[in-house]
Amino acid sequence: MLKRITAGIATAVIFPLIYLFFVKPGDIPRRSDSITDKQGYSYTLFYDLDEVIFIKSDSSGEILGKWKTARVNGYNYISADAMKVYDGEFYCVLSEINSKNFKICRRQWLKIDFKSGSAEVIYQMEYDNIQDAYSTTLLISNDKMITVTTFIHEINVFDVYSRSNDKIVPLTEVPVNYAAILSDGRIIYSDILNRIYITDESKNSRQVYEAKTAGSFYELSVNDDGFCIICDTETNEYLISSDNIYSAQITFVPADPPKASSEISAYRDTFDGIFFMYCAAGAAAGLILFALVSLKHFPVLLKIAVILILCLGIGGAALFALINSIMQELHLESSLERAFLSAKILEAEMDLDEFENIDWNKPEKSGYFSCLADLMEFSVDNDCIMKANDGSYVNFDDKDYYCIYPVIGGEIKSGICDQSPVNLPFEKVVEENLIGVYNEVAKGKISSAACGISDDSSEWVISVYPLKNSENNIVALIETGISKLNYMTSSRKYSSDILNIVVVFEVITGVLILASAGVTLLPLKKLHKAVDATGNGDYGVSVELKGRDEIAGIAKAFNVMSAKIYDHTQSLSRLNEAYLRFLPSGTLSAIGKPSVLSVSRGDYSSMSGYILHIQLLNFSEHTAGLSDDDVFELTNNISREIMDNIIDKKGVIESYNQEEYICIFGETDLAYKASVDLIQRLRTDYPGIKTSFVIVSDSMLLGIVGHEKRLGTIMLSRGIRLSKKLGQIASLCGANLIVTSDISFSAPCPQRLLGKIDFDGCKYTFFDCFGGDEISVYLSKLDGCPQFEEMVKQFYEDQWHKCRRSALSYLERHKNDPAAIRYLFLCENNIKNPKEKASMESRSPVEI
């Protein structure tokens, strides 16, 4: 009893421990804005799926305080719109957004005390579901707290202390996106074409800046000193206004990006709702385990019945979740279909001839762009779009949004969109993992696409539809999106009925199982242990069961089978060891075979790795005067030396002959170490044999070929042919080890740039690794490495005369460098025959 209780308690404790050490997130996953006050304290806004958190930290990133609020409230969520530090106090504006129609329900102006983790509500305003804002900024002084918010075609200026609310009609005919207030009370704002305007004391606007390319920046703010800051995507840099911000025009100069606070780790409270859910799950698991363990003293029939009923319970929960999910998906598909149809209506309302005439670098020059902007935007109170021809409205009532991306020359551009400026780089508008889908629709590979994205507050489903002109060419993409959260609620009313049906089904199924289990089962403990032992590799085990019933007969048959399996596995083990001498285990692992007995003709596998190609350059000349016996002995000695080293460094020898070895490594450092060791050993043991070692990285196909009665291995890779080509260059340049530029080592490796080569339409840069060279050669190459590499660069820049002079100068100090001599001859040839340029892969210098 004590053991069963202990097991149940341990299981119950494991669940909360799993939450504390593995599930519970330590770091806030998403950081948004960050500001720094004059004392150097940073205030950082973090978004989580459940919370909005503000954190105060010092210059070293140490947390000085934290304040958080629930992000989800029913179907609403909290959005932090603006934050400001004034006189050492931190202020922020929070908006409660209705996730069903994404409109503002309530706003709060707060002063946060980070020491106590509390907040003072300065003012709270209820809204009748007004549209969510593009941007919001906050200005605070001794007697003012002003919030500036952009709402498509108007700018709202709200004075919190005086409770006054002003509206500014922008000068621009297209939607505004960013707005901020200057210290003197004037408003500076921009439109989606990224033209900047500023108001005067009478709230009249004038244009003060226009970007070279419409939509070239996507941020605008004003710092405490009254300077305007933008982020220009055309130059990919931050710009700040010069000191003439109050003059007729604003000019911008490059600036450092706003200083962000250091990375901060902010931890959740340990004992939150999810923690207690894990505790409850642990308690339930402990009770189930206690019940299961306690069943060992009960008949097998009862054990099976209880286990099956528990399985039915788990299956019923899974079935309920599946049916419920299907209902949610059906509602979601229905809503997505409505969004797709509304996109078709939008297409019908557009004037394609006028649309194709829009110059997206200067869209404001096209009068239709303004009509298109109005057509794209919803009204404040209704979910509808305006017809361009007569100004009437078409109501959709589906809470979706629209974006139109022009397709120019097969390339997608950022066009008119609810949330992004015109001509913002397309990659900044669309999620990175969805760019390929958009391109397939733009190229006509697929007729339309539906895909999902996630933001801070909810999950979205996006529909992308191509817009075609009269010639059936795709000129734009229409994107419409819906919030998945909005359409899941309507399916919940069916959950109760679904749950009742599943419960009835479970009860009936459980009764049938208990009624059908009418045969008493005899204990099979000994036979079960024997089967487990056999499964673990103990093939000599036997079972002693007396009697003449079926179980005893099974035990006898099992004993005979176990003895035969034992004898057979011993034979197979000896046979497998013999075959492995001809077919390396590394090759078997690469093609996914456990032993040579499972190999058959046609087995293959693709893999990526590092190829070490070893060539004995003058083996035939070296053995020309030797007898066959001597050649045989020399070949065995050299191959044993090479293979011992390769196997010791965890390499696989794919193929070899008297003069060539092709090896595969999983790590570059091991391939390099094997090469250096072999260079030094072969130079000491066989000084008359010249070698070349080449390491390249490539994908390869490793497989089994031949006849069923005579199999062999084959490796297909472009890297083998490349390594052979580089091996020939190595023999001409006196290099022992050559690697390509994509090979990197964790440890320092002395090497120098040796040359470049065109191979199979690709360009490769390769290096001479001289770590295994003789000490005199090593020191000479190390000393002359900068001068040698400068000579190589001159050669590949077609500066033949300079390269020739550099080679002569280099050879004055390093007289016996074959690579420098080769470059000298190559330069001589190219100076004399400029139309027939020779390269490192050309004929030998003697023939040039």
# chains A, B, ... in the order shown; residues from 1 in each chain; ligands from 1

$ residues_around --residues "A:Ser366" --least-positions-apart "2" --cutoff "12 Å" --atoms "only C-alpha atoms" --output "PyMOL selection string"
chain A and resi 173-174+353-364+368-373

$ residues_around --residues "A:Tyr91" --least-positions-apart "3" --cutoff "8 Å" --atoms "only C-alpha atoms" --output "MDAnalysis selection string"
chainID A and resid 83:86 109:112

$ write_last_selection --atoms "all heavy atoms" --output "PDB file, in the first residue's frame"
ATOM      1  N   MET A  83       3.742  55.533 -24.602  1.00  0.00           N
ATOM      2  CA  MET A  83       4.329  55.654 -23.270  1.00  0.00           C
ATOM      3  C   MET A  83       5.298  56.828 -23.267  1.00  0.00           C
ATOM      4  O   MET A  83       5.884  57.187 -24.291  1.00  0.00           O
ATOM      5  CB  MET A  83       5.029  54.354 -22.858  1.00  0.00           C
ATOM      6  CG  MET A  83       6.040  53.805 -23.820  1.00  0.00           C
ATOM      7  SD  MET A  83       6.635  52.191 -23.256  1.00  0.00           S
ATOM      8  CE  MET A  83       7.874  51.831 -24.481  1.00  0.00           C
ATOM      9  N   LYS A  84       5.453  57.437 -22.068  1.00  0.00           N
ATOM     10  CA  LYS A  84       6.244  58.660 -21.944  1.00  0.00           C
ATOM     11  C   LYS A  84       6.799  58.757 -20.531  1.00  0.00           C
ATOM     12  O   LYS A  84       6.156  58.310 -19.566  1.00  0.00           O
ATOM     13  CB  LYS A  84       5.349  59.878 -22.237  1.00  0.00           C
ATOM     14  CG  LYS A  84       6.098  61.155 -22.482  1.00  0.00           C
ATOM     15  CD  LYS A  84       6.702  61.192 -23.884  1.00  0.00           C
ATOM     16  CE  LYS A  84       7.278  62.555 -24.208  1.00  0.00           C
ATOM     17  NZ  LYS A  84       7.901  62.580 -25.554  1.00  0.00           N
ATOM     18  N   VAL A  85       7.988  59.339 -20.412  1.00  0.00           N
ATOM     19  CA  VAL A  85       8.578  59.619 -19.104  1.00  0.00           C
ATOM     20  C   VAL A  85       8.658  61.132 -18.942  1.00  0.00           C
ATOM     21  O   VAL A  85       9.199  61.835 -19.800  1.00  0.00           O
ATOM     22  CB  VAL A  85       9.978  58.988 -18.980  1.00  0.00           C
ATOM     23  CG1 VAL A  85      10.599  59.360 -17.638  1.00  0.00           C
ATOM     24  CG2 VAL A  85       9.889  57.482 -19.120  1.00  0.00           C
ATOM     25  N   TYR A  86       8.103  61.636 -17.841  1.00  0.00           N
ATOM     26  CA  TYR A  86       8.165  63.068 -17.554  1.00  0.00           C
ATOM     27  C   TYR A  86       8.424  63.278 -16.073  1.00  0.00           C
ATOM     28  O   TYR A  86       7.726  62.700 -15.226  1.00  0.00           O
ATOM     29  CB  TYR A  86       6.854  63.757 -17.963  1.00  0.00           C
ATOM     30  CG  TYR A  86       6.807  65.216 -17.581  1.00  0.00           C
ATOM     31  CD1 TYR A  86       7.576  66.149 -18.270  1.00  0.00           C
ATOM     32  CD2 TYR A  86       6.021  65.647 -16.526  1.00  0.00           C
ATOM     33  CE1 TYR A  86       7.544  67.485 -17.918  1.00  0.00           C
ATOM     34  CE2 TYR A  86       5.976  66.989 -16.161  1.00  0.00           C
ATOM     35  CZ  TYR A  86       6.749  67.905 -16.862  1.00  0.00           C
ATOM     36  OH  TYR A  86       6.733  69.219 -16.505  1.00  0.00           O
ATOM     37  N   TRP A 109      -5.499  56.347 -19.241  1.00  0.00           N
ATOM     38  CA  TRP A 109      -4.248  57.055 -19.094  1.00  0.00           C
ATOM     39  C   TRP A 109      -3.719  56.743 -17.700  1.00  0.00           C
ATOM     40  O   TRP A 109      -4.376  57.032 -16.691  1.00  0.00           O
ATOM     41  CB  TRP A 109      -4.454  58.556 -19.276  1.00  0.00           C
ATOM     42  CG  TRP A 109      -4.674  58.945 -20.703  1.00  0.00           C
ATOM     43  CD1 TRP A 109      -3.772  59.480 -21.547  1.00  0.00           C
ATOM     44  CD2 TRP A 109      -5.899  58.862 -21.443  1.00  0.00           C
ATOM     45  NE1 TRP A 109      -4.331  59.717 -22.789  1.00  0.00           N
ATOM     46  CE2 TRP A 109      -5.631  59.337 -22.747  1.00  0.00           C
ATOM     47  CE3 TRP A 109      -7.187  58.396 -21.144  1.00  0.00           C
ATOM     48  CZ2 TRP A 109      -6.613  59.391 -23.749  1.00  0.00           C
ATOM     49  CZ3 TRP A 109      -8.154  58.442 -22.140  1.00  0.00           C
ATOM     50  CH2 TRP A 109      -7.874  58.929 -23.417  1.00  0.00           C
ATOM     51  N   LEU A 110      -2.541  56.130 -17.598  1.00  0.00           N
ATOM     52  CA  LEU A 110      -2.031  55.614 -16.334  1.00  0.00           C
ATOM     53  C   LEU A 110      -0.694  56.244 -15.987  1.00  0.00           C
ATOM     54  O   LEU A 110       0.119  56.561 -16.868  1.00  0.00           O
ATOM     55  CB  LEU A 110      -1.848  54.091 -16.412  1.00  0.00           C
ATOM     56  CG  LEU A 110      -3.058  53.239 -16.807  1.00  0.00           C
ATOM     57  CD1 LEU A 110      -2.655  51.786 -16.875  1.00  0.00           C
ATOM     58  CD2 LEU A 110      -4.194  53.433 -15.819  1.00  0.00           C
ATOM     59  N   LYS A 111      -0.458  56.409 -14.699  1.00  0.00           N
ATOM     60  CA  LYS A 111       0.874  56.716 -14.165  1.00  0.00           C
ATOM     61  C   LYS A 111       1.287  55.509 -13.338  1.00  0.00           C
ATOM     62  O   LYS A 111       0.622  55.150 -12.373  1.00  0.00           O
ATOM     63  CB  LYS A 111       0.863  57.986 -13.316  1.00  0.00           C
ATOM     64  CG  LYS A 111       2.254  58.333 -12.773  1.00  0.00           C
ATOM     65  CD  LYS A 111       2.294  59.704 -12.122  1.00  0.00           C
ATOM     66  CE  LYS A 111       1.595  59.689 -10.788  1.00  0.00           C
ATOM     67  NZ  LYS A 111       1.794  60.955 -10.042  1.00  0.00           N
ATOM     68  N   ILE A 112       2.407  54.891 -13.721  1.00  0.00           N
ATOM     69  CA  ILE A 112       2.801  53.606 -13.133  1.00  0.00           C
ATOM     70  C   ILE A 112       3.886  53.824 -12.094  1.00  0.00           C
ATOM     71  O   ILE A 112       4.870  54.541 -12.337  1.00  0.00           O
ATOM     72  CB  ILE A 112       3.287  52.638 -14.232  1.00  0.00           C
ATOM     73  CG1 ILE A 112       2.131  52.319 -15.183  1.00  0.00           C
ATOM     74  CG2 ILE A 112       3.847  51.364 -13.629  1.00  0.00           C
ATOM     75  CD1 ILE A 112       2.524  51.448 -16.347  1.00  0.00           C
TER      76      ILE A 112
END

$ residues_around --residues "A:Val52" --least-positions-apart "6" --cutoff "7 Å" --atoms "only C-alpha atoms" --output "number ranges by chain"
A: 46, 68-71

$ write_last_selection --atoms "N, CA, C and O atoms" --output "PDB file, in the first residue's frame"
ATOM      1  N   PHE A  46       6.668  44.839 -23.061  1.00  0.00           N
ATOM      2  CA  PHE A  46       6.662  43.450 -23.510  1.00  0.00           C
ATOM      3  C   PHE A  46       5.233  43.001 -23.763  1.00  0.00           C
ATOM      4  O   PHE A  46       4.326  43.312 -22.989  1.00  0.00           O
ATOM      5  N   LYS A  68       2.196  44.852 -14.767  1.00  0.00           N
ATOM      6  CA  LYS A  68       1.546  44.124 -15.866  1.00  0.00           C
ATOM      7  C   LYS A  68       0.038  44.189 -15.697  1.00  0.00           C
ATOM      8  O   LYS A  68      -0.485  44.432 -14.602  1.00  0.00           O
ATOM      9  N   THR A  69      -0.631  43.979 -16.820  1.00  0.00           N
ATOM     10  CA  THR A  69      -2.085  43.941 -16.829  1.00  0.00           C
ATOM     11  C   THR A  69      -2.529  42.816 -17.750  1.00  0.00           C
ATOM     12  O   THR A  69      -1.807  42.446 -18.677  1.00  0.00           O
ATOM     13  N   ALA A  70      -3.694  42.249 -17.470  1.00  0.00           N
ATOM     14  CA  ALA A  70      -4.202  41.146 -18.284  1.00  0.00           C
ATOM     15  C   ALA A  70      -4.433  41.631 -19.704  1.00  0.00           C
ATOM     16  O   ALA A  70      -5.032  42.679 -19.931  1.00  0.00           O
ATOM     17  N   ARG A  71      -3.933  40.862 -20.667  1.00  0.00           N
ATOM     18  CA  ARG A  71      -4.084  41.238 -22.061  1.00  0.00           C
ATOM     19  C   ARG A  71      -5.453  40.845 -22.613  1.00  0.00           C
ATOM     20  O   ARG A  71      -5.997  41.500 -23.478  1.00  0.00           O
TER      21      ARG A  71
END

$ closest_residue --among "A:Ala318, A:Thr765, A:Asp817, A:Ser809" --to "A:Lys781" --atoms "only C-alpha atoms"
A:Asp817

$ residues_around --residues "stretch 662-678 of chain A" --least-positions-apart "3" --cutoff "9 Å" --atoms "only C-alpha atoms" --output "ChimeraX atom specification"
/A:608-615,641-642,645-646,648-656,681-683,693-695,697,720,736-737,743-747,749,770-773

$ atom_distance --atom1 "atom CA of A:Cys228" --atom2 "atom CA of A:Ser164"
25.8 Å

$ residues_around --residues "A:Cys769" --least-positions-apart "6" --cutoff "6 Å" --atoms "only C-alpha atoms" --output "PDB file with all heavy atoms, in the first residue's frame"
ATOM      1  N   LEU A 737      47.800  20.450 -49.123  1.00  0.00           N
ATOM      2  CA  LEU A 737      46.390  20.401 -48.724  1.00  0.00           C
ATOM      3  C   LEU A 737      45.686  21.642 -49.243  1.00  0.00           C
ATOM      4  O   LEU A 737      46.098  22.765 -48.959  1.00  0.00           O
ATOM      5  CB  LEU A 737      46.255  20.334 -47.192  1.00  0.00           C
ATOM      6  CG  LEU A 737      44.836  20.423 -46.629  1.00  0.00           C
ATOM      7  CD1 LEU A 737      43.941  19.303 -47.164  1.00  0.00           C
ATOM      8  CD2 LEU A 737      44.852  20.400 -45.102  1.00  0.00           C
ATOM      9  N   ILE A 738      44.604  21.421 -50.005  1.00  0.00           N
ATOM     10  CA  ILE A 738      43.793  22.507 -50.557  1.00  0.00           C
ATOM     11  C   ILE A 738      42.385  22.369 -50.009  1.00  0.00           C
ATOM     12  O   ILE A 738      41.823  21.265 -49.960  1.00  0.00           O
ATOM     13  CB  ILE A 738      43.785  22.470 -52.102  1.00  0.00           C
ATOM     14  CG1 ILE A 738      45.131  22.958 -52.650  1.00  0.00           C
ATOM     15  CG2 ILE A 738      42.663  23.342 -52.661  1.00  0.00           C
ATOM     16  CD1 ILE A 738      45.193  22.989 -54.163  1.00  0.00           C
ATOM     17  N   PRO A 750      46.688  27.638 -40.437  1.00  0.00           N
ATOM     18  CA  PRO A 750      47.515  28.477 -41.321  1.00  0.00           C
ATOM     19  C   PRO A 750      47.206  28.184 -42.781  1.00  0.00           C
ATOM     20  O   PRO A 750      47.321  27.043 -43.219  1.00  0.00           O
ATOM     21  CB  PRO A 750      48.944  28.069 -40.936  1.00  0.00           C
ATOM     22  CG  PRO A 750      48.824  26.737 -40.303  1.00  0.00           C
ATOM     23  CD  PRO A 750      47.493  26.698 -39.648  1.00  0.00           C
ATOM     24  N   GLN A 751      46.787  29.185 -43.506  1.00  0.00           N
ATOM     25  CA  GLN A 751      46.437  28.989 -44.898  1.00  0.00           C
ATOM     26  C   GLN A 751      46.598  30.300 -45.646  1.00  0.00           C
ATOM     27  O   GLN A 751      46.658  31.373 -45.056  1.00  0.00           O
ATOM     28  CB  GLN A 751      44.992  28.484 -45.031  1.00  0.00           C
ATOM     29  CG  GLN A 751      43.954  29.428 -44.457  1.00  0.00           C
ATOM     30  CD  GLN A 751      42.554  28.845 -44.538  1.00  0.00           C
ATOM     31  OE1 GLN A 751      42.379  27.685 -44.817  1.00  0.00           O
ATOM     32  NE2 GLN A 751      41.545  29.669 -44.302  1.00  0.00           N
TER      33      GLN A 751
END

$ residues_around --residues "A:Phe102" --least-positions-apart "5" --cutoff "8 Å" --atoms "only C-alpha atoms" --output "ChimeraX atom specification"
/A:97,131-132

$ closest_residue --among "A:Ala12, A:Ile323, A:Ile230, A:Leu754" --to "A:Asp497" --atoms "only C-alpha atoms"
A:Ile323

$ select_by_dssp --residues "stretch 597-679 of chain A" --states "strand (DSSP E or B)" --output "list in words"
Tyr604, Ser605, Ser606, Met607, Ser608, Gly609, Tyr610, Ile611, Leu612, His613, Ile614, Gln615, Leu616, Val652, Ile653, Glu654, Ser655, Tyr656, Glu660, Tyr661, Ile662, Cys663, Ile664 and Phe665 of chain A
